[in-house]
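As provided, entry.tsv (TSV, C-alpha atoms) reads as follows.
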chain	number	residue	atom	x	y	z
T	1	MET	CA	165.12	83.12	-47.56
T	2	SER	CA	166.84	80.48	-49.72
T	3	ASP	CA	165.45	77.62	-47.61
T	4	ILE	CA	161.85	78.72	-48.22
T	5	ALA	CA	159.84	76.87	-50.87
T	6	GLY	CA	156.26	76.09	-51.79
T	7	PRO	CA	153.31	78.40	-50.98
T	8	ALA	CA	155.34	80.60	-48.63
T	9	ALA	CA	158.03	81.20	-51.25
T	10	ALA	CA	155.47	82.09	-53.92
T	11	ALA	CA	153.71	84.55	-51.59
T	12	LEU	CA	157.00	86.09	-50.49
T	13	ALA	CA	158.23	86.54	-54.06
T	14	SER	CA	155.04	88.41	-54.99
T	15	LEU	CA	155.54	91.17	-52.38
T	16	CYS	CA	156.95	94.57	-53.19
T	17	PRO	CA	160.08	95.75	-51.30
T	18	ASP	CA	158.04	98.00	-48.98
T	19	ASP	CA	155.79	95.10	-47.98
T	20	LEU	CA	158.84	92.97	-47.29
T	21	ILE	CA	160.37	95.67	-45.07
T	22	PHE	CA	157.04	96.00	-43.24
T	23	LEU	CA	156.85	92.26	-42.49
T	24	GLN	CA	160.49	92.02	-41.43
T	25	ALA	CA	160.08	94.88	-38.96
T	26	LEU	CA	156.75	93.65	-37.57
T	27	PRO	CA	157.01	92.33	-33.97
T	28	LYS	CA	155.93	88.69	-34.13
T	29	ALA	CA	155.58	85.77	-31.73
T	30	GLU	CA	156.33	82.20	-32.85
T	31	LEU	CA	154.28	80.02	-30.51
T	32	HIS	CA	154.03	76.70	-32.37
T	33	ALA	CA	157.42	75.39	-33.48
T	34	HIS	CA	158.69	71.88	-32.76
T	35	LEU	CA	162.39	71.56	-32.00
T	36	ASN	CA	163.10	68.46	-34.09
T	37	GLY	CA	160.94	69.69	-36.96
T	38	SER	CA	162.63	73.10	-37.09
T	39	ILE	CA	166.28	72.11	-37.42
T	40	PRO	CA	168.01	74.03	-40.24
T	41	ILE	CA	168.83	71.72	-43.13
T	42	LYS	CA	172.52	72.66	-42.88
T	43	THR	CA	172.60	71.50	-39.25
T	44	ILE	CA	170.85	68.18	-39.88
T	45	LEU	CA	173.28	67.42	-42.73
T	46	GLU	CA	176.25	68.17	-40.45
T	47	LEU	CA	174.87	65.83	-37.79
T	48	ALA	CA	174.45	63.12	-40.40
T	49	GLN	CA	178.15	63.32	-41.23
T	50	GLN	CA	178.98	62.60	-37.58
T	51	TYR	CA	176.37	59.84	-37.18
T	52	SER	CA	177.45	56.27	-36.55
T	53	PRO	CA	174.48	53.97	-37.17
T	54	SER	CA	174.38	50.62	-35.41
T	55	THR	CA	172.62	48.78	-38.24
T	56	ALA	CA	172.42	48.89	-42.02
T	57	ALA	CA	168.70	49.60	-41.73
T	58	GLN	CA	169.41	52.78	-39.77
T	59	THR	CA	171.90	53.88	-42.42
T	60	THR	CA	169.29	53.46	-45.14
T	61	GLU	CA	166.55	55.16	-43.12
T	62	VAL	CA	168.67	58.23	-42.39
T	63	ALA	CA	169.91	58.46	-45.99
T	64	ASP	CA	166.37	58.19	-47.40
T	65	THR	CA	165.04	60.84	-45.01
T	66	LEU	CA	167.86	63.26	-45.74
T	67	GLU	CA	167.26	62.91	-49.48
T	68	LYS	CA	163.57	63.72	-48.97
T	69	LEU	CA	164.45	66.77	-46.88
T	70	ARG	CA	166.99	67.99	-49.45
T	71	SER	CA	164.69	67.64	-52.44
T	72	GLY	CA	161.44	68.59	-50.73
T	73	VAL	CA	159.06	66.19	-49.01
T	74	VAL	CA	155.88	65.29	-50.87
T	75	PHE	CA	152.99	64.79	-48.46
T	76	ASN	CA	150.19	62.53	-49.64
T	77	GLU	CA	149.11	61.22	-46.26
T	78	ILE	CA	149.82	61.84	-42.60
T	79	ASP	CA	152.40	59.02	-42.44
T	80	ASP	CA	154.56	60.94	-44.92
T	81	PHE	CA	155.26	63.40	-42.11
T	82	PHE	CA	155.60	61.06	-39.13
T	83	SER	CA	157.84	58.70	-41.10
T	84	LEU	CA	160.50	61.45	-41.13
T	85	MET	CA	160.83	61.52	-37.35
T	86	PRO	CA	162.72	58.25	-36.59
T	87	ALA	CA	165.73	59.36	-38.64
T	88	ILE	CA	165.72	62.84	-37.12
T	89	TYR	CA	165.47	61.35	-33.63
T	90	ALA	CA	168.37	59.03	-34.40
T	91	LEU	CA	170.51	62.02	-35.38
T	92	THR	CA	169.59	63.90	-32.20
T	93	SER	CA	169.90	61.14	-29.61
T	94	THR	CA	172.98	62.43	-27.75
T	95	PRO	CA	173.38	65.40	-25.40
T	96	GLU	CA	175.84	67.00	-27.82
T	97	ALA	CA	173.40	66.70	-30.72
T	98	VAL	CA	170.53	68.15	-28.66
T	99	THR	CA	172.73	71.10	-27.73
T	100	THR	CA	173.65	71.63	-31.38
T	101	VAL	CA	170.12	71.53	-32.76
T	102	THR	CA	168.60	73.62	-29.97
T	103	ARG	CA	171.20	76.32	-30.46
T	104	ALA	CA	170.73	76.25	-34.23
T	105	VAL	CA	166.94	76.49	-34.02
T	106	LEU	CA	167.06	79.35	-31.53
T	107	GLN	CA	169.54	81.23	-33.69
T	108	SER	CA	167.44	80.70	-36.80
T	109	PHE	CA	164.42	82.34	-35.13
T	110	LEU	CA	165.96	84.91	-32.80
T	111	ASN	CA	169.18	86.06	-34.46
T	112	PRO	CA	169.33	88.34	-37.53
T	113	THR	CA	168.63	86.22	-40.59
T	114	GLY	CA	171.75	87.15	-42.54
T	115	ASP	CA	169.80	87.72	-45.75
T	116	GLY	CA	170.09	91.48	-45.61
T	117	ALA	CA	167.47	91.97	-42.90
T	118	GLU	CA	168.55	93.26	-39.51
T	119	SER	CA	165.43	91.92	-37.78
T	120	PRO	CA	165.21	88.32	-36.56
T	121	GLN	CA	162.39	86.04	-37.70
T	122	CYS	CA	160.40	86.73	-34.55
T	123	THR	CA	160.42	88.91	-31.44
T	124	TYR	CA	159.46	86.15	-29.01
T	125	PHE	CA	159.80	82.40	-29.35
T	126	GLU	CA	158.16	79.55	-27.47
T	127	LEU	CA	159.98	76.40	-28.55
T	128	ARG	CA	158.32	73.08	-27.84
T	129	THR	CA	159.78	69.60	-27.57
T	130	THR	CA	158.96	66.19	-26.13
T	131	PRO	CA	161.47	65.02	-23.49
T	132	ARG	CA	163.19	61.91	-24.86
T	133	ALA	CA	165.03	59.28	-22.90
T	134	THR	CA	167.79	57.61	-24.91
T	135	THR	CA	170.74	55.38	-24.11
T	136	HIS	CA	172.73	58.62	-23.72
T	137	MET	CA	170.43	60.71	-21.50
T	138	THR	CA	167.35	60.80	-19.30
T	139	ARG	CA	164.29	62.95	-20.00
T	140	GLU	CA	165.39	65.34	-17.27
T	141	ARG	CA	168.84	65.68	-18.84
T	142	TYR	CA	167.24	66.31	-22.24
T	143	LEU	CA	165.10	69.15	-20.87
T	144	THR	CA	168.02	70.62	-18.95
T	145	ILE	CA	170.09	70.80	-22.14
T	146	VAL	CA	167.29	72.51	-24.07
T	147	LEU	CA	166.65	74.97	-21.25
T	148	ASP	CA	170.34	75.80	-20.89
T	149	GLU	CA	170.29	76.99	-24.52
T	150	ILE	CA	166.96	78.80	-24.24
T	151	GLU	CA	168.10	80.66	-21.13
T	152	MET	CA	171.03	82.12	-23.04
T	153	TYR	CA	168.40	84.52	-24.36
T	154	PRO	CA	166.45	87.05	-22.25
T	155	ALA	CA	163.14	85.88	-20.82
T	156	ILE	CA	161.30	88.34	-23.05
T	157	GLN	CA	162.67	86.45	-26.07
T	158	ALA	CA	162.52	82.71	-25.47
T	159	ALA	CA	160.81	80.05	-23.36
T	160	LEU	CA	160.04	76.32	-23.44
T	161	ILE	CA	156.83	74.34	-23.82
T	162	VAL	CA	157.13	70.70	-22.73
T	163	SER	CA	155.26	68.44	-25.15
T	164	VAL	CA	153.68	65.12	-24.29
T	165	ASP	CA	153.02	62.61	-27.05
T	166	ARG	CA	149.59	61.08	-27.60
T	167	ARG	CA	151.20	57.63	-27.71
T	168	MET	CA	152.69	57.92	-24.21
T	169	SER	CA	151.82	55.51	-21.45
T	170	ASP	CA	150.24	56.93	-18.32
T	171	LEU	CA	153.54	56.50	-16.51
T	172	ASP	CA	155.55	58.38	-19.14
T	173	LEU	CA	152.93	61.10	-19.31
T	174	GLU	CA	153.05	61.56	-15.55
T	175	GLU	CA	156.86	61.77	-15.64
T	176	CYS	CA	156.89	64.46	-18.34
T	177	VAL	CA	154.23	66.62	-16.69
T	178	THR	CA	155.96	66.26	-13.32
T	179	LEU	CA	159.26	67.33	-14.90
T	180	ALA	CA	157.61	70.37	-16.44
T	181	ILE	CA	156.11	71.40	-13.11
T	182	GLU	CA	159.29	70.75	-11.11
T	183	MET	CA	161.45	72.71	-13.54
T	184	LYS	CA	159.04	75.61	-13.50
T	185	ASN	CA	159.13	75.56	-9.70
T	186	ARG	CA	162.94	75.61	-9.78
T	187	GLY	CA	162.83	78.82	-11.75
T	188	ARG	CA	163.64	77.26	-15.11
T	189	ARG	CA	161.93	78.85	-18.10
T	190	VAL	CA	159.19	76.28	-18.68
T	191	VAL	CA	155.96	78.12	-19.48
T	192	GLY	CA	153.57	75.48	-20.77
T	193	VAL	CA	152.61	71.93	-21.70
T	194	ASP	CA	151.55	70.74	-25.15
T	195	VAL	CA	149.82	67.61	-26.44
T	196	CYS	CA	151.22	66.49	-29.79
T	197	GLY	CA	151.96	63.42	-31.89
T	198	ASP	CA	150.04	61.29	-34.35
T	199	PRO	CA	146.44	62.55	-34.07
T	200	ARG	CA	145.10	59.05	-34.73
T	201	ARG	CA	146.69	57.66	-31.57
T	202	GLY	CA	145.92	57.78	-27.86
T	203	ASP	CA	142.94	58.04	-25.53
T	204	MET	CA	142.64	61.71	-24.61
T	205	GLN	CA	140.27	61.02	-21.72
T	206	SER	CA	143.21	59.44	-19.91
T	207	PHE	CA	145.24	62.64	-20.44
T	208	THR	CA	142.82	65.03	-18.75
T	209	ARG	CA	144.01	64.39	-15.19
T	210	HIS	CA	147.61	65.16	-16.11
T	211	LEU	CA	146.75	68.21	-18.19
T	212	SER	CA	144.61	69.63	-15.41
T	213	ARG	CA	147.49	69.10	-13.00
T	214	ALA	CA	149.78	71.12	-15.29
T	215	LYS	CA	147.26	73.95	-15.46
T	216	GLY	CA	146.78	73.85	-11.72
T	217	ALA	CA	150.54	74.33	-11.32
T	218	GLY	CA	150.38	77.56	-13.31
T	219	LEU	CA	151.58	76.25	-16.67
T	220	GLY	CA	149.97	77.33	-19.91
T	221	LEU	CA	148.22	74.61	-21.88
T	222	THR	CA	148.14	74.16	-25.64
T	223	VAL	CA	146.88	71.06	-27.43
T	224	HIS	CA	146.98	69.79	-30.99
T	225	ILE	CA	143.31	69.22	-31.69
T	226	ALA	CA	141.09	68.10	-34.59
T	227	GLU	CA	144.09	67.85	-36.94
T	228	SER	CA	142.60	64.96	-38.87
T	229	THR	CA	139.19	63.90	-40.09
T	230	GLU	CA	139.83	60.74	-38.07
T	231	ASN	CA	139.75	62.66	-34.77
T	232	THR	CA	136.52	61.85	-32.95
T	233	THR	CA	134.14	64.14	-31.11
T	234	GLU	CA	135.07	62.35	-27.89
T	235	ASP	CA	138.75	63.09	-28.54
T	236	SER	CA	138.14	66.82	-28.98
T	237	LEU	CA	135.72	67.02	-26.06
T	238	ALA	CA	138.28	65.47	-23.73
T	239	LEU	CA	140.92	68.02	-24.72
T	240	LEU	CA	138.54	70.98	-24.62
T	241	SER	CA	137.28	69.94	-21.18
T	242	CYS	CA	140.70	71.00	-19.84
T	243	ARG	CA	140.12	74.50	-21.25
T	244	PRO	CA	143.42	74.85	-23.10
T	245	ASP	CA	144.75	78.40	-23.43
T	246	ARG	CA	145.62	77.74	-27.07
T	247	LEU	CA	144.60	75.19	-29.70
T	248	GLY	CA	147.02	73.82	-32.28
T	249	HIS	CA	145.58	73.67	-35.80
T	250	ALA	CA	141.92	72.94	-34.90
T	251	THR	CA	141.52	72.25	-38.61
T	252	PHE	CA	138.46	70.04	-38.39
T	253	LEU	CA	136.92	71.36	-35.18
T	254	SER	CA	133.19	71.08	-35.73
T	255	ASP	CA	130.65	73.89	-35.63
T	256	GLU	CA	128.91	72.05	-32.79
T	257	LEU	CA	132.03	72.09	-30.62
T	258	LYS	CA	132.65	75.74	-31.43
T	259	ALA	CA	129.08	76.50	-30.33
T	260	VAL	CA	129.67	74.68	-27.03
T	261	PHE	CA	133.05	76.15	-26.13
T	262	PHE	CA	133.73	79.35	-28.06
T	263	GLU	CA	132.53	82.80	-27.12
T	264	ASP	CA	132.06	83.69	-30.77
T	265	ILE	CA	128.95	85.18	-32.30
T	266	SER	CA	129.15	83.40	-35.62
T	267	GLN	CA	128.85	85.66	-38.63
T	268	PRO	CA	126.78	84.46	-41.61
T	269	GLY	CA	128.71	82.24	-43.98
T	270	THR	CA	131.44	81.23	-41.52
T	271	GLU	CA	130.37	77.64	-40.95
T	272	CYS	CA	132.92	74.91	-41.59
T	273	GLY	CA	133.76	74.67	-45.26
T	274	SER	CA	132.43	78.14	-46.10
T	275	GLN	CA	134.63	80.46	-48.11
T	276	VAL	CA	134.52	83.99	-46.77
T	277	VAL	CA	136.58	87.11	-47.23
T	278	TRP	CA	137.59	88.96	-44.09
T	279	MET	CA	136.55	92.58	-44.27
T	280	GLY	CA	138.11	93.64	-40.98
T	281	TYR	CA	137.56	92.79	-37.35
T	282	GLY	CA	134.16	93.15	-35.83
T	283	HIS	CA	133.49	94.25	-32.28
T	284	SER	CA	131.08	91.59	-31.14
T	285	LYS	CA	129.91	91.69	-27.54
T	286	PRO	CA	130.05	88.62	-25.28
T	287	LEU	CA	127.01	86.40	-25.30
T	288	HIS	CA	124.37	87.57	-22.82
T	289	ASP	CA	124.55	84.26	-20.99
T	290	SER	CA	127.88	82.57	-21.51
T	291	ARG	CA	127.02	79.57	-19.36
T	292	MET	CA	127.29	76.42	-21.44
T	293	ASP	CA	124.07	74.45	-21.49
T	294	ILE	CA	124.49	71.58	-23.87
T	295	SER	CA	120.95	70.37	-23.24
T	296	LYS	CA	119.19	73.46	-24.63
T	297	SER	CA	120.78	74.13	-28.02
T	298	GLN	CA	118.28	74.36	-30.84
T	299	SER	CA	120.80	74.70	-33.68
T	300	ALA	CA	122.73	71.45	-33.68
T	301	ASP	CA	121.94	67.83	-34.22
T	302	GLU	CA	120.22	66.31	-31.19
T	303	SER	CA	122.45	63.24	-31.24
T	304	PHE	CA	125.55	65.38	-30.81
T	305	TRP	CA	124.16	67.22	-27.80
T	306	ALA	CA	122.99	63.98	-26.20
T	307	TYR	CA	126.45	62.51	-26.69
T	308	ALA	CA	128.19	65.62	-25.34
T	309	LYS	CA	126.00	65.68	-22.24
T	310	LYS	CA	126.71	62.00	-21.57
T	311	PHE	CA	130.42	62.60	-22.08
T	312	TYR	CA	130.51	65.42	-19.54
T	313	GLU	CA	128.65	63.36	-16.98
T	314	LYS	CA	131.32	60.65	-17.39
T	315	LEU	CA	134.17	63.14	-17.28
T	316	SER	CA	133.17	65.09	-14.18
T	317	SER	CA	135.90	63.89	-11.83
T	318	LYS	CA	137.01	65.70	-8.69
T	319	ASP	CA	140.42	66.62	-10.20
T	320	ILE	CA	138.88	68.26	-13.24
T	321	GLU	CA	136.26	70.14	-11.23
T	322	GLU	CA	138.89	71.57	-8.88
T	323	ASN	CA	141.34	72.63	-11.59
T	324	ASN	CA	138.78	73.94	-14.09
T	325	ALA	CA	136.37	76.05	-12.05
T	326	HIS	CA	135.19	77.85	-15.18
T	327	GLU	CA	134.91	74.82	-17.45
T	328	ASN	CA	131.26	75.59	-18.19
T	329	ARG	CA	131.93	79.05	-19.61
T	330	ARG	CA	132.58	79.77	-23.25
T	331	TYR	CA	135.89	81.41	-24.00
T	332	LYS	CA	138.27	82.33	-26.81
T	333	PRO	CA	141.36	80.12	-26.84
T	334	CYS	CA	143.94	81.39	-29.31
T	335	ILE	CA	144.19	79.22	-32.44
T	336	GLU	CA	147.71	78.39	-33.60
T	337	ILE	CA	147.46	78.68	-37.40
T	338	CYS	CA	150.11	76.95	-39.55
T	339	LEU	CA	149.23	77.78	-43.15
T	340	SER	CA	152.06	76.06	-45.04
T	341	SER	CA	151.79	72.98	-42.83
T	342	ASN	CA	148.08	72.67	-43.61
T	343	LEU	CA	148.45	73.34	-47.33
T	344	LEU	CA	151.41	71.03	-47.90
T	345	GLY	CA	150.03	68.38	-45.55
T	346	LYS	CA	146.76	68.54	-47.49
T	347	THR	CA	144.57	69.14	-44.45
T	348	ALA	CA	143.44	72.35	-46.19
T	349	ALA	CA	142.73	72.20	-49.92
T	350	SER	CA	143.60	75.85	-50.51
T	351	LEU	CA	143.87	79.22	-48.79
T	352	ASP	CA	140.29	79.93	-49.83
T	353	ALA	CA	139.13	76.81	-48.01
T	354	HIS	CA	141.36	77.28	-44.97
T	355	HIS	CA	139.72	77.45	-41.54
T	356	ILE	CA	141.55	80.71	-40.79
T	357	HIS	CA	138.64	82.50	-42.45
T	358	TYR	CA	136.24	81.49	-39.67
T	359	TYR	CA	138.49	82.93	-36.98
T	360	LEU	CA	139.25	86.14	-38.85
T	361	LYS	CA	135.59	86.77	-39.59
T	362	ASN	CA	134.50	86.04	-36.02
T	363	ASP	CA	137.15	88.16	-34.28
T	364	HIS	CA	138.67	85.08	-32.65
T	365	PRO	CA	142.32	85.25	-31.51
T	366	ILE	CA	144.86	83.55	-33.76
T	367	VAL	CA	148.64	83.35	-33.98
T	368	ILE	CA	150.55	82.63	-37.19
T	369	CYS	CA	153.12	79.84	-36.75
T	370	THR	CA	155.57	77.74	-38.75
T	371	ASP	CA	155.00	74.32	-37.11
T	372	ASP	CA	157.97	72.46	-38.66
T	373	THR	CA	160.22	74.58	-40.86
T	374	LEU	CA	162.46	71.67	-41.91
T	375	PRO	CA	159.93	69.58	-43.86
T	376	PHE	CA	157.55	72.43	-44.74
T	377	ARG	CA	160.32	74.74	-46.03
T	378	THR	CA	158.91	77.92	-44.50
T	379	SER	CA	159.70	80.69	-42.00
T	380	CYS	CA	157.87	83.31	-39.96
T	381	LEU	CA	158.37	85.76	-42.81
T	382	GLY	CA	157.00	83.23	-45.29
T	383	GLU	CA	153.89	82.55	-43.19
T	384	TYR	CA	153.15	86.27	-42.78
T	385	SER	CA	153.66	86.70	-46.53
T	386	LEU	CA	150.71	84.33	-46.99
T	387	LEU	CA	148.58	86.84	-45.08
T	388	LEU	CA	149.70	89.93	-47.01
T	389	ALA	CA	150.12	88.63	-50.57
T	390	GLN	CA	147.21	89.12	-52.93
T	391	PRO	CA	145.01	86.13	-53.87
T	392	PRO	CA	145.48	83.47	-55.07
T	393	LEU	CA	148.99	83.49	-53.55
T	394	GLY	CA	147.84	84.93	-50.22
T	395	LEU	CA	144.83	86.14	-48.27
T	396	GLY	CA	145.22	89.76	-49.35
T	397	LEU	CA	144.93	91.27	-45.86
T	398	SER	CA	145.87	94.90	-45.34
T	399	ARG	CA	149.01	95.88	-43.44
T	400	GLY	CA	146.81	97.04	-40.57
T	401	ASP	CA	145.04	93.69	-40.42
T	402	VAL	CA	148.34	91.80	-40.52
T	403	ALA	CA	149.67	93.97	-37.69
T	404	THR	CA	146.54	93.18	-35.67
T	405	VAL	CA	147.08	89.45	-36.20
T	406	ALA	CA	150.70	89.80	-35.09
T	407	ARG	CA	149.60	91.62	-31.94
T	408	MET	CA	147.15	88.82	-31.13
T	409	GLY	CA	150.04	86.39	-31.26
T	410	LEU	CA	152.09	88.43	-28.81
T	411	ASP	CA	149.06	88.67	-26.53
T	412	ALA	CA	148.66	84.88	-26.56
T	413	ALA	CA	152.22	84.14	-25.43
T	414	PHE	CA	152.47	82.32	-22.12
T	415	LEU	CA	155.16	84.80	-20.97
T	416	ARG	CA	153.32	87.83	-22.41
T	417	PRO	CA	156.46	89.55	-23.84
T	418	CYS	CA	154.55	92.72	-24.70
T	419	ASP	CA	153.41	93.44	-21.12

How does this structure look as structure tokens?
Amino acid sequence: MSDIAGPAAAALASLCPDDLIFLQALPKAELHAHLNGSIPIKTILELAQQYSPSTAAQTTEVADTLEKLRSGVVFNEIDDFFSLMPAIYALTSTPEAVTTVTRAVLQSFLNPTGDGAESPQCTYFELRTTPRATTHMTRERYLTIVLDEIEMYPAIQAALIVSVDRRMSDLDLEECVTLAIEMKNRGRRVVGVDVCGDPRRGDMQSFTRHLSRAKGAGLGLTVHIAESTENTTEDSLALLSCRPDRLGHATFLSDELKAVFFEDISQPGTECGSQVVWMGYGHSKPLHDSRMDISKSQSADESFWAYAKKFYEKLSSKDIEENNAHENRRYKPCIEICLSSNLLGKTAASLDAHHIHYYLKNDHPIVICTDDTLPFRTSCLGEYSLLLAQPPLGLGLSRGDVATVARMGLDAAFLRPCD
């Protein structure tokens, strides 16, 4: 618990011992954790001691980043997060380093925490990482190393999601998706594909063919979506057209897009930006006609619907039609919620204003995740504390409600550990 700081630490400190025991014993799935963003601080400092930079600039960059991580990163803009990555990548560019960090991250989530609790952070862990080619290894070698460590744990405990970066060229994207499919077909524990990276970069329309191919091969699909106010409607439409099984963050996903894609019956006061208090799950029935008809909506701005219809006409390729037979039906993709990440990254002004309220109120599946424990100084226990702690430190949910949220996370796992 000593590595936890910020909102998670405050929420955790406010809980009584019985609440703490309840959260520690609660079966939980961690489904949105990035390998290089989840390295324990002790491990990254040890790697730095062994690092031999090739230039003075690299020495300075690594030293500056380590100091930020030690003292606590202050996030004022999105670049404050992405600027940390070059130094971390430099420290994890060899096969030996990848082995070290993968093992350390897995142990931090799946082994007993060593702080007096016998339970690990989570019951089931889907670790995600982008295959990196360096002067020391190919992308295939990188994935093999990560999988070798993951497969030291039982299949009901750990699996891998292969991430593709929004900045990738079409050739690199094809290589990564092909590797994910081939490794799955070889019996390696690859369960899904993720789209990640700087949300301001990339043309997501060019990704749809590759993402549909991954889904067609039986891989789960999760995408970082609407993370920034700079993400366009076209960007989100392209990603949603592939019908991802889960959505990462979805912080600024518009009410219009929810109306098009989600099988939610919106409750009063749950529009974007509304502050609502969850009074327990409802039992809403599916819409009478769940066929999407973007030309007949009466509730949204006409220009949006005209744009969406034009977009779909442009997007209707043979590959997408074959791999997404149900693309015109509303559904309920699980939302990967990362509370500390959103609060510290300033994409959510407060817990009161957080988009989690929409999903709780509308009985929409969510999973509570850590995102990047290294810069955001959190843990699974810390994130669940934000659910249980009383306002203003937490959402003030009941133990029963928190248990229901945890069960939704297990149900959303690509390996379904609770089956």

* Nearest candidate to Asn362 in chain T (options T:Asn36, T:Glu263, T:Met85, T:Ala155; using all atoms listed in the file) -> T:Glu263

* Structure fact -> Between CA of Val162 in chain T and CA of Arg132 in chain T lies a distance of 10.9 Å

* Asked: When distances are computed from all atoms listed in the file, which of T:Ala250, T:Ile21, T:Ala413, T:Val98 shows the smallest separation from Asn342 in chain T?
  -> T:Ala250

* Asked: What is the CA of Ala57 in chain T to CA of Val73 in chain T distance in Å?
  ->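 Interatomic distance, CA of Ala57 in chain T to CA of Val73 in chain T: 20.5 Å.
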
As a PDB file with C-alpha atoms, in the frame of the given file, please: the residues near Thr102 in chain T (cut-off 7 Å, all atoms listed in the file, same-chain neighbours under 4 positions excluded).
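Output saved as out-v5.pdb:
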ATOM      1  CA  LEU T  35     162.390  71.560 -32.000  1.00  0.00           C
ATOM      2  CA  VAL T  98     170.530  68.150 -28.660  1.00  0.00           C
ATOM      3  CA  LEU T 106     167.060  79.350 -31.530  1.00  0.00           C
ATOM      4  CA  VAL T 146     167.290  72.510 -24.070  1.00  0.00           C
ATOM      5  CA  GLU T 149     170.290  76.990 -24.520  1.00  0.00           C
TER       6      GLU T 149
END

* Å distance separating CA of Glu30 in chain T from CA of Arg189 in chain T, one decimal place ->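 Computed distance, CA of Glu30 in chain T to CA of Arg189 in chain T, equals 16.1 Å.
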
* Answer as a ChimeraX atom specification, residues within 12 Å of (172.1, 53.8, -41.9) using all atoms listed in the file -> /T:48-66,86-87,90-91

* Might you pull out every residue within 12 Å of Pro95 in chain T, with all atoms listed in the file counted and same-chain residues fewer than 5 positions away left off, and present them as a PyMOL selection string? => chain T and resi 100-102+132-146+148
